[in-house]
file my_file.txt (compact mmCIF, C-alpha atoms)
# COMPACT_ATOMS: atom_id res chain seq x y z
CA MET A 1 63.27 1.54 11.74
CA THR A 2 61.33 -1.62 11.11
CA SER A 3 60.10 -3.61 14.02
CA PRO A 4 60.91 -7.26 13.44
CA GLN A 5 58.59 -10.01 14.55
CA PRO A 6 60.10 -11.80 17.51
CA ARG A 7 60.41 -15.53 17.09
CA ILE A 8 58.69 -17.50 19.83
CA GLY A 9 58.85 -21.27 20.14
CA VAL A 10 55.87 -23.26 21.39
CA LEU A 11 56.95 -26.59 22.83
CA ARG A 12 54.83 -29.57 21.83
CA PHE A 13 54.62 -32.55 24.13
CA PRO A 14 52.54 -35.64 23.54
CA GLY A 15 49.30 -34.90 25.35
CA ALA A 16 49.48 -31.13 24.90
CA CYS A 17 46.18 -29.65 23.79
CA ASP A 18 46.61 -25.88 23.87
CA ASP A 19 49.69 -25.73 21.67
CA ARG A 20 47.76 -24.61 18.59
CA ASP A 21 45.85 -21.96 20.52
CA ALA A 22 49.13 -20.62 21.89
CA LEU A 23 50.65 -20.58 18.41
CA TRP A 24 47.61 -18.81 16.99
CA ALA A 25 47.43 -16.25 19.80
CA LEU A 26 51.12 -15.36 19.54
CA GLY A 27 50.75 -15.01 15.79
CA ALA A 28 47.69 -12.79 16.24
CA LEU A 29 49.79 -10.61 18.57
CA ASP A 30 52.46 -10.13 15.93
CA ALA A 31 55.02 -12.76 16.82
CA GLU A 32 56.41 -15.37 14.51
CA ALA A 33 55.41 -18.46 16.45
CA VAL A 34 56.95 -21.83 15.66
CA PHE A 35 56.41 -25.27 17.11
CA VAL A 36 59.30 -27.09 18.76
CA TRP A 37 58.88 -30.85 19.11
CA HIS A 38 59.68 -32.31 22.53
CA THR A 39 62.41 -34.62 21.20
CA GLU A 40 64.52 -31.75 19.87
CA THR A 41 67.81 -31.56 21.71
CA ALA A 42 68.46 -27.96 20.70
CA LEU A 43 66.15 -25.00 20.28
CA PRO A 44 66.10 -23.08 17.02
CA ASP A 45 67.02 -19.39 17.16
CA LEU A 46 64.27 -18.03 19.45
CA ASP A 47 63.53 -14.84 21.34
CA ALA A 48 61.19 -16.58 23.79
CA VAL A 49 59.65 -19.96 24.57
CA VAL A 50 56.10 -20.84 25.58
CA LEU A 51 55.23 -24.11 27.30
CA PRO A 52 51.54 -24.56 26.52
CA GLY A 53 48.75 -26.21 28.45
CA GLY A 54 47.56 -29.76 28.17
CA PHE A 55 48.22 -33.11 29.75
CA SER A 56 51.76 -33.98 28.75
CA TYR A 57 52.41 -37.69 29.05
CA GLY A 58 48.90 -38.12 30.37
CA ASP A 59 49.89 -36.38 33.63
CA TYR A 60 51.21 -39.78 34.72
CA LEU A 61 52.93 -39.94 38.11
CA ARG A 62 52.51 -36.18 38.75
CA CYS A 63 51.58 -33.51 36.25
CA GLY A 64 54.73 -32.31 34.50
CA ALA A 65 56.95 -34.92 36.17
CA ILE A 66 57.66 -36.86 32.98
CA ALA A 67 57.71 -33.94 30.55
CA ARG A 68 60.46 -32.22 32.49
CA PHE A 69 62.84 -34.94 31.30
CA ALA A 70 61.99 -34.46 27.61
CA PRO A 71 65.11 -33.67 25.56
CA ALA A 72 63.73 -30.24 24.65
CA MET A 73 63.49 -29.36 28.35
CA ALA A 74 67.25 -29.65 28.74
CA ALA A 75 67.50 -27.09 25.95
CA VAL A 76 64.91 -24.91 27.69
CA SER A 77 66.95 -25.03 30.92
CA GLU A 78 69.98 -23.81 29.00
CA PHE A 79 67.87 -21.11 27.37
CA VAL A 80 66.71 -20.00 30.84
CA ALA A 81 70.26 -20.03 32.20
CA GLY A 82 71.21 -17.71 29.35
CA GLY A 83 68.48 -15.28 30.40
CA GLY A 84 65.92 -16.38 27.79
CA LEU A 85 62.25 -15.61 28.35
CA VAL A 86 60.03 -18.60 29.10
CA LEU A 87 56.30 -18.57 29.83
CA GLY A 88 54.57 -21.69 31.11
CA ILE A 89 50.81 -21.87 30.91
CA CYS A 90 48.88 -24.40 33.01
CA ASN A 91 50.63 -27.70 32.24
CA GLY A 92 53.60 -25.58 31.18
CA PHE A 93 53.61 -24.04 34.67
CA GLN A 94 53.45 -27.52 36.20
CA ILE A 95 56.37 -28.68 34.06
CA LEU A 96 58.50 -25.65 34.99
CA CYS A 97 57.85 -26.28 38.70
CA GLU A 98 58.74 -29.95 38.39
CA ALA A 99 61.89 -28.95 36.49
CA GLY A 100 62.88 -26.65 39.33
CA LEU A 101 62.81 -23.64 37.01
CA LEU A 102 59.97 -22.13 39.03
CA PRO A 103 59.32 -22.35 42.77
CA GLY A 104 56.59 -24.46 44.33
CA VAL A 105 54.48 -27.24 42.95
CA LEU A 106 50.98 -27.63 41.53
CA ARG A 107 48.75 -30.09 43.36
CA ARG A 108 45.29 -31.51 42.97
CA ASN A 109 42.63 -28.80 43.41
CA GLU A 110 41.47 -28.62 46.99
CA SER A 111 37.90 -29.39 45.89
CA LEU A 112 39.15 -32.39 43.86
CA SER A 113 36.98 -30.99 41.06
CA PHE A 114 38.18 -29.83 37.69
CA VAL A 115 37.60 -26.08 37.44
CA CYS A 116 36.73 -24.56 34.09
CA CYS A 117 35.60 -20.93 34.19
CA ASP A 118 36.66 -17.33 33.80
CA VAL A 119 38.45 -16.16 36.92
CA PRO A 120 39.36 -12.69 38.17
CA ILE A 121 43.04 -12.14 38.81
CA VAL A 122 45.04 -9.17 39.96
CA VAL A 123 48.45 -8.17 38.64
CA GLU A 124 50.82 -7.66 41.56
CA ARG A 125 53.81 -6.73 39.45
CA ALA A 126 53.78 -4.94 36.13
CA ASP A 127 57.57 -4.80 35.93
CA THR A 128 58.15 -8.33 34.65
CA PRO A 129 58.67 -9.10 30.95
CA PHE A 130 55.29 -10.85 31.05
CA THR A 131 53.23 -7.98 32.44
CA THR A 132 54.65 -4.81 30.90
CA ARG A 133 51.32 -4.07 29.24
CA CYS A 134 49.61 -4.08 32.63
CA VAL A 135 49.86 -1.74 35.59
CA ASP A 136 50.18 -2.81 39.22
CA GLY A 137 46.79 -3.69 40.62
CA ASP A 138 45.19 -4.34 37.22
CA HIS A 139 42.25 -6.71 37.40
CA LEU A 140 42.10 -9.21 34.56
CA THR A 141 39.58 -11.88 33.63
CA ILE A 142 41.18 -14.97 32.16
CA PRO A 143 39.82 -18.53 32.01
CA VAL A 144 41.24 -21.47 33.91
CA LYS A 145 40.67 -25.15 33.17
CA HIS A 146 42.57 -27.52 35.38
CA GLY A 147 42.30 -30.29 37.92
CA GLU A 148 45.72 -29.70 39.41
CA GLY A 149 46.22 -25.99 39.84
CA CYS A 150 46.59 -25.75 43.58
CA TRP A 151 49.94 -24.05 43.90
CA TYR A 152 51.82 -24.92 47.05
CA ALA A 153 54.95 -23.71 48.79
CA ASP A 154 55.80 -24.22 52.44
CA ASP A 155 55.94 -21.26 54.83
CA ALA A 156 59.65 -20.61 54.45
CA LEU A 157 59.57 -20.74 50.65
CA TYR A 158 56.42 -18.65 50.44
CA ASP A 159 57.85 -15.92 52.68
CA GLU A 160 61.03 -15.91 50.63
CA LEU A 161 59.06 -15.54 47.39
CA VAL A 162 56.97 -12.71 48.78
CA SER A 163 60.05 -10.86 50.00
CA ARG A 164 61.62 -11.23 46.56
CA ARG A 165 58.34 -10.18 44.90
CA GLN A 166 58.08 -13.36 42.87
CA VAL A 167 54.31 -13.57 43.10
CA VAL A 168 53.05 -11.83 39.95
CA LEU A 169 49.40 -12.85 39.72
CA ARG A 170 46.79 -13.73 42.31
CA TYR A 171 43.19 -14.83 42.08
CA THR A 172 40.89 -12.34 43.76
CA GLU A 173 38.66 -15.17 44.93
CA PRO A 174 39.48 -18.79 45.83
CA VAL A 175 39.73 -20.95 42.70
CA ASN A 176 41.61 -24.14 43.49
CA GLY A 177 43.04 -23.90 46.98
CA SER A 178 46.29 -22.26 45.88
CA ARG A 179 48.34 -20.94 48.73
CA ASN A 180 47.34 -17.29 49.28
CA ASP A 181 45.49 -17.45 45.96
CA VAL A 182 48.70 -17.43 43.94
CA ALA A 183 47.94 -17.71 40.22
CA GLY A 184 51.34 -16.96 38.72
CA VAL A 185 54.97 -16.69 39.84
CA VAL A 186 58.32 -15.74 38.33
CA ASN A 187 61.74 -17.16 39.00
CA GLU A 188 64.32 -15.18 40.94
CA HIS A 189 65.80 -13.61 37.82
CA GLY A 190 62.40 -12.72 36.44
CA ASN A 191 62.86 -14.36 33.03
CA VAL A 192 60.57 -17.34 33.65
CA MET A 193 56.90 -17.07 34.56
CA GLY A 194 54.24 -19.69 35.05
CA LEU A 195 50.51 -19.22 35.49
CA MET A 196 47.49 -21.47 35.68
CA PRO A 197 45.05 -19.19 33.80
CA HIS A 198 45.10 -19.45 30.02
CA PRO A 199 45.91 -16.10 28.40
CA GLU A 200 45.90 -17.75 24.96
CA HIS A 201 42.18 -18.43 25.37
CA ALA A 202 41.47 -14.77 26.04
CA VAL A 203 42.92 -12.72 23.22
CA ASP A 204 39.68 -12.01 21.34
CA PRO A 205 36.71 -10.20 22.93
CA LEU A 206 34.46 -12.58 21.01
CA LEU A 207 35.49 -15.27 23.48
CA GLY A 208 34.44 -13.22 26.50
CA SER A 209 37.67 -11.48 27.41
CA ALA A 210 40.76 -10.17 25.69
CA ASP A 211 42.69 -9.70 28.92
CA GLY A 212 44.97 -12.62 28.14
CA ALA A 213 46.36 -10.56 25.29
CA LEU A 214 47.88 -8.20 27.87
CA ILE A 215 50.05 -11.03 29.18
CA LEU A 216 50.95 -12.46 25.80
CA SER A 217 51.57 -9.11 24.13
CA SER A 218 53.82 -8.18 27.04
CA LEU A 219 55.81 -11.32 26.26
CA VAL A 220 55.84 -10.56 22.53
CA GLU A 221 56.99 -7.00 23.22
CA SER A 222 59.72 -8.12 25.63
CA ALA A 223 60.87 -10.73 23.13
CA ARG A 224 60.91 -8.07 20.39
CA GLU A 225 63.08 -5.80 22.53
CA ARG A 226 65.50 -8.65 23.06
CA ALA A 227 65.54 -9.45 19.36
CA LEU A 228 66.31 -5.81 18.58
CA ALA A 229 68.99 -5.62 21.26
CA ALA A 230 70.65 -8.70 19.77
CA VAL A 231 70.86 -7.19 16.26
CA MET B 1 65.50 -57.63 43.60
CA ARG B 2 61.95 -56.29 44.08
CA ALA B 3 61.56 -52.79 45.39
CA THR B 4 58.34 -51.24 46.59
CA VAL B 5 58.25 -47.48 46.90
CA LEU B 6 55.54 -45.92 49.04
CA VAL B 7 54.98 -42.26 48.28
CA ARG B 8 52.84 -40.29 50.71
CA PRO B 9 51.76 -36.70 51.09
CA LYS B 10 54.10 -35.19 53.67
CA GLN B 11 52.86 -34.68 57.20
CA GLY B 12 51.13 -31.35 57.51
CA ILE B 13 50.26 -31.18 53.81
CA LEU B 14 46.55 -30.95 53.16
CA ASP B 15 45.41 -34.13 51.46
CA PRO B 16 41.98 -33.58 49.90
CA GLN B 17 41.97 -37.11 48.45
CA GLY B 18 42.53 -38.55 51.91
CA GLN B 19 39.74 -36.36 53.28
CA ALA B 20 37.35 -37.52 50.55
CA VAL B 21 38.20 -41.17 51.21
CA GLU B 22 37.80 -40.67 54.94
CA SER B 23 34.41 -39.06 54.58
CA SER B 24 33.25 -41.86 52.26
CA LEU B 25 34.41 -44.47 54.74
CA ARG B 26 32.56 -42.67 57.52
CA GLN B 27 29.41 -42.64 55.40
CA LEU B 28 29.78 -46.39 55.09
CA GLY B 29 29.77 -46.62 58.86
CA PHE B 30 33.47 -47.10 59.51
CA SER B 31 34.92 -45.03 62.29
CA VAL B 32 38.18 -43.88 60.78
CA GLY B 33 40.31 -40.78 60.99
CA ASP B 34 43.29 -39.13 59.32
CA ALA B 35 43.10 -41.03 56.01
CA ARG B 36 45.94 -40.19 53.65
CA VAL B 37 46.16 -41.27 50.02
CA GLY B 38 49.52 -41.93 48.44
CA ARG B 39 50.98 -44.03 45.69
CA VAL B 40 52.78 -47.36 45.37
CA VAL B 41 55.47 -48.04 42.77
CA ASP B 42 56.68 -51.62 42.39
CA LEU B 43 59.99 -52.11 40.64
CA GLU B 44 62.43 -54.81 39.66
CA VAL B 45 65.93 -53.52 40.34
CA GLU B 46 69.08 -55.12 39.05
CA SER B 47 71.67 -54.63 41.76
CA PRO B 48 74.38 -56.80 43.27
CA ASP B 49 73.19 -56.23 46.83
CA ALA B 50 70.48 -54.60 48.92
CA GLY B 51 72.59 -51.57 49.83
CA THR B 52 73.26 -50.69 46.21
CA ALA B 53 69.63 -51.31 45.32
CA ARG B 54 68.42 -49.03 48.09
CA ALA B 55 70.78 -46.25 47.07
CA GLU B 56 69.63 -46.62 43.47
CA VAL B 57 65.94 -46.48 44.39
CA GLU B 58 66.59 -43.47 46.61
CA ARG B 59 68.03 -41.66 43.61
CA MET B 60 64.92 -42.60 41.63
CA CYS B 61 62.74 -41.15 44.36
CA GLU B 62 64.70 -37.90 44.53
CA GLN B 63 64.73 -37.43 40.77
CA LEU B 64 61.32 -38.64 39.71
CA LEU B 65 59.13 -40.81 41.90
CA ALA B 66 58.45 -38.26 44.64
CA ASN B 67 58.36 -34.49 44.79
CA PRO B 68 60.24 -33.61 47.98
CA LEU B 69 58.24 -30.39 48.42
CA ILE B 70 55.05 -32.29 49.13
CA GLU B 71 55.80 -35.99 49.35
CA SER B 72 57.78 -38.36 51.53
CA TYR B 73 58.79 -41.84 50.47
CA GLU B 74 59.65 -45.16 51.98
CA ILE B 75 61.49 -47.99 50.26
CA GLU B 76 60.94 -51.69 50.90
CA LEU B 77 63.26 -54.27 49.34
CA VAL B 78 62.55 -57.95 48.86
CA GLU B 79 65.33 -60.26 47.70
CA ASP B 80 64.33 -62.51 44.82
CA GLU B 81 63.66 -66.08 45.89
CA GLY B 82 66.01 -68.82 44.82
call {"tool": "encode", "arguments": {"input": "my_file.txt", "output": "structure tokens"}}
result
Amino acid sequence: MTSPQPRIGVLRFPGACDDRDALWALGALDAEAVFVWHTETALPDLDAVVLPGGFSYGDYLRCGAIARFAPAMAAVSEFVAGGGLVLGICNGFQILCEAGLLPGVLRRNESLSFVCCDVPIVVERADTPFTTRCVDGDHLTIPVKHGEGCWYADDALYDELVSRRQVVLRYTEPVNGSRNDVAGVVNEHGNVMGLMPHPEHAVDPLLGSADGALILSSLVESARERALAAV
Amino acid sequence: MRATVLVRPKQGILDPQGQAVESSLRQLGFSVGDARVGRVVDLEVESPDAGTARAEVERMCEQLLANPLIESYEIELVEDEG
């Protein structure tokens, strides 16, 4: 049986800057990656969607606050409601939080400084579609580069998320002031994940780490399974 | 009608910008405490009356201008002169 390439859409907003890296990385990991322009009102036939990093709409007002109203985001919400897989990286994570598709919000780093470095993270859950290539407790090194990556949820929300096991990734050292060092969360149904680290910048050992490929290839694999199941 | 929306970090939310401003002010010799940094949005709203305008601006705040998880807002309305 042949294994088809899953088709993964990479949303492009004005001000995005990691869209090409995401497209390249997904392609390198054996997906057919296609760009989707933010003004599209419908998504093409896709097995997953990636919201890449960058500074959509200049991060005006609050990061992600304007992008969430882009026409393509209405289509993404429908895709999510239908169980579609969506991964938001950095600005993509911020947009998904603002859109209410992921819990919490990303705020200015506690230090007020932009952080740009490799960070150690630990995988708390390997049973999400975004971490199947990992095992629980895996330590990964993936770069971050953000000024507003301080994830926040109030006590009640945080406790709820922990009890539902929605925290997937944590930094193993303080990076940006994120509540309990949260680096990545999933939605209640587990089909949407957001993370501040950039897996698309860590798929080739030449760039210091290939650990990001574990996240992205998990997504590609999960998307492939869905594509096969749909045939 | 002119509307001014004041968006502030909610009480109890750590405000590193406010802390930075406060420490700068202290360095300048001002004795200040509990500085918080928010945002002001000035708007012209077309509404028949103040009540409708306020309700409209409240919807704007809920949908876009403030994030209720971390921010509170206050609306001030000023009737156009003449």
call {"tool": "atom_distance", "arguments": {"input": "my_file.txt", "atom1": "atom CA of B:Val41", "atom2": "atom CA of A:Pro71"}}
result
24.4 Å
call {"tool": "closest_residue", "arguments": {"input": "my_file.txt", "among": "A:Asp138, A:Asp159, A:Glu98, A:Asp47", "to": "A:Gly84", "atoms": "all atoms listed in the file"}}
result
A:Asp47
call {"tool": "residues_around", "arguments": {"input": "my_file.txt", "residues": "A:Leu23", "least_positions_apart": "2", "cutoff": "8 Å", "atoms": "only C-alpha atoms", "output": "PDB file with C-alpha atoms, in the frame of the given file"}}
result
ATOM      1  CA  VAL A  10      55.870 -23.260  21.390  1.00  0.00           C
ATOM      2  CA  ASP A  19      49.690 -25.730  21.670  1.00  0.00           C
ATOM      3  CA  ARG A  20      47.760 -24.610  18.590  1.00  0.00           C
ATOM      4  CA  ASP A  21      45.850 -21.960  20.520  1.00  0.00           C
ATOM      5  CA  ALA A  25      47.430 -16.250  19.800  1.00  0.00           C
ATOM      6  CA  LEU A  26      51.120 -15.360  19.540  1.00  0.00           C
ATOM      7  CA  GLY A  27      50.750 -15.010  15.790  1.00  0.00           C
ATOM      8  CA  ALA A  33      55.410 -18.460  16.450  1.00  0.00           C
ATOM      9  CA  VAL A  34      56.950 -21.830  15.660  1.00  0.00           C
ATOM     10  CA  PHE A  35      56.410 -25.270  17.110  1.00  0.00           C
TER      11      PHE A  35
END
call {"tool": "residues_around", "arguments": {"input": "my_file.txt", "residues": "B:Ala20", "least_positions_apart": "2", "cutoff": "10 Å", "atoms": "only C-alpha atoms", "output": "tab-separated table (two decimals) with C-alpha atoms, in the frame of the given file"}}
result
chain	number	residue	atom	x	y	z
A	111	SER	CA	37.90	-29.39	45.89
A	112	LEU	CA	39.15	-32.39	43.86
B	15	ASP	CA	45.41	-34.13	51.46
B	16	PRO	CA	41.98	-33.58	49.90
B	17	GLN	CA	41.97	-37.11	48.45
B	18	GLY	CA	42.53	-38.55	51.91
B	22	GLU	CA	37.80	-40.67	54.94
B	23	SER	CA	34.41	-39.06	54.58
B	24	SER	CA	33.25	-41.86	52.26
B	25	LEU	CA	34.41	-44.47	54.74
B	26	ARG	CA	32.56	-42.67	57.52
B	35	ALA	CA	43.10	-41.03	56.01
B	36	ARG	CA	45.94	-40.19	53.65
B	37	VAL	CA	46.16	-41.27	50.02
call {"tool": "closest_residue", "arguments": {"input": "my_file.txt", "among": "A:Asp118, A:Glu124, A:Pro205, A:Arg62", "to": "A:Val182", "atoms": "only C-alpha atoms"}}
result
A:Glu124
call {"tool": "residues_around", "arguments": {"input": "my_file.txt", "residues": "A:Ser163", "least_positions_apart": "6", "cutoff": "12 Å", "atoms": "all atoms listed in the file", "output": "list in words"}}
result
Ala156, Leu157 and Glu188 of chain A
call {"tool": "residues_around", "arguments": {"input": "my_file.txt", "residues": "stretch 38-40 of chain B", "least_positions_apart": "6", "cutoff": "9 Å", "atoms": "all atoms listed in the file", "output": "ChimeraX atom specification"}}
result
/A:61 /B:4-9,17-18,71
call {"tool": "write_last_selection", "arguments": {"input": "my_file.txt", "atoms": "C-alpha atoms", "output": "PDB file, in the coordinates of the input"}}
result
ATOM      1  CA  LEU A  61      52.930 -39.940  38.110  1.00  0.00           C
TER       2      LEU A  61
ATOM      3  CA  THR B   4      58.340 -51.240  46.590  1.00  0.00           C
ATOM      4  CA  VAL B   5      58.250 -47.480  46.900  1.00  0.00           C
ATOM      5  CA  LEU B   6      55.540 -45.920  49.040  1.00  0.00           C
ATOM      6  CA  VAL B   7      54.980 -42.260  48.280  1.00  0.00           C
ATOM      7  CA  ARG B   8      52.840 -40.290  50.710  1.00  0.00           C
ATOM      8  CA  PRO B   9      51.760 -36.700  51.090  1.00  0.00           C
ATOM      9  CA  GLN B  17      41.970 -37.110  48.450  1.00  0.00           C
ATOM     10  CA  GLY B  18      42.530 -38.550  51.910  1.00  0.00           C
ATOM     11  CA  GLU B  71      55.800 -35.990  49.350  1.00  0.00           C
TER      12      GLU B  71
END
call {"tool": "residues_around", "arguments": {"input": "my_file.txt", "residues": "stretch 217-228 of chain A", "least_positions_apart": "5", "cutoff": "6 Å", "atoms": "all atoms listed in the file", "output": "list of chain:residue names"}}
result
A:Pro6, A:Asp47, A:Ala48, A:Pro129, A:Phe130, A:Thr131, A:Thr132, A:Arg133
call {"tool": "interface_residues", "arguments": {"input": "my_file.txt", "of": "chain A", "to": "chain B", "cutoff": "12 Å", "atoms": "all atoms listed in the file", "output": "ChimeraX atom specification"}}
result
/A:60-69,97-100,103-113,148,150-157,176-179
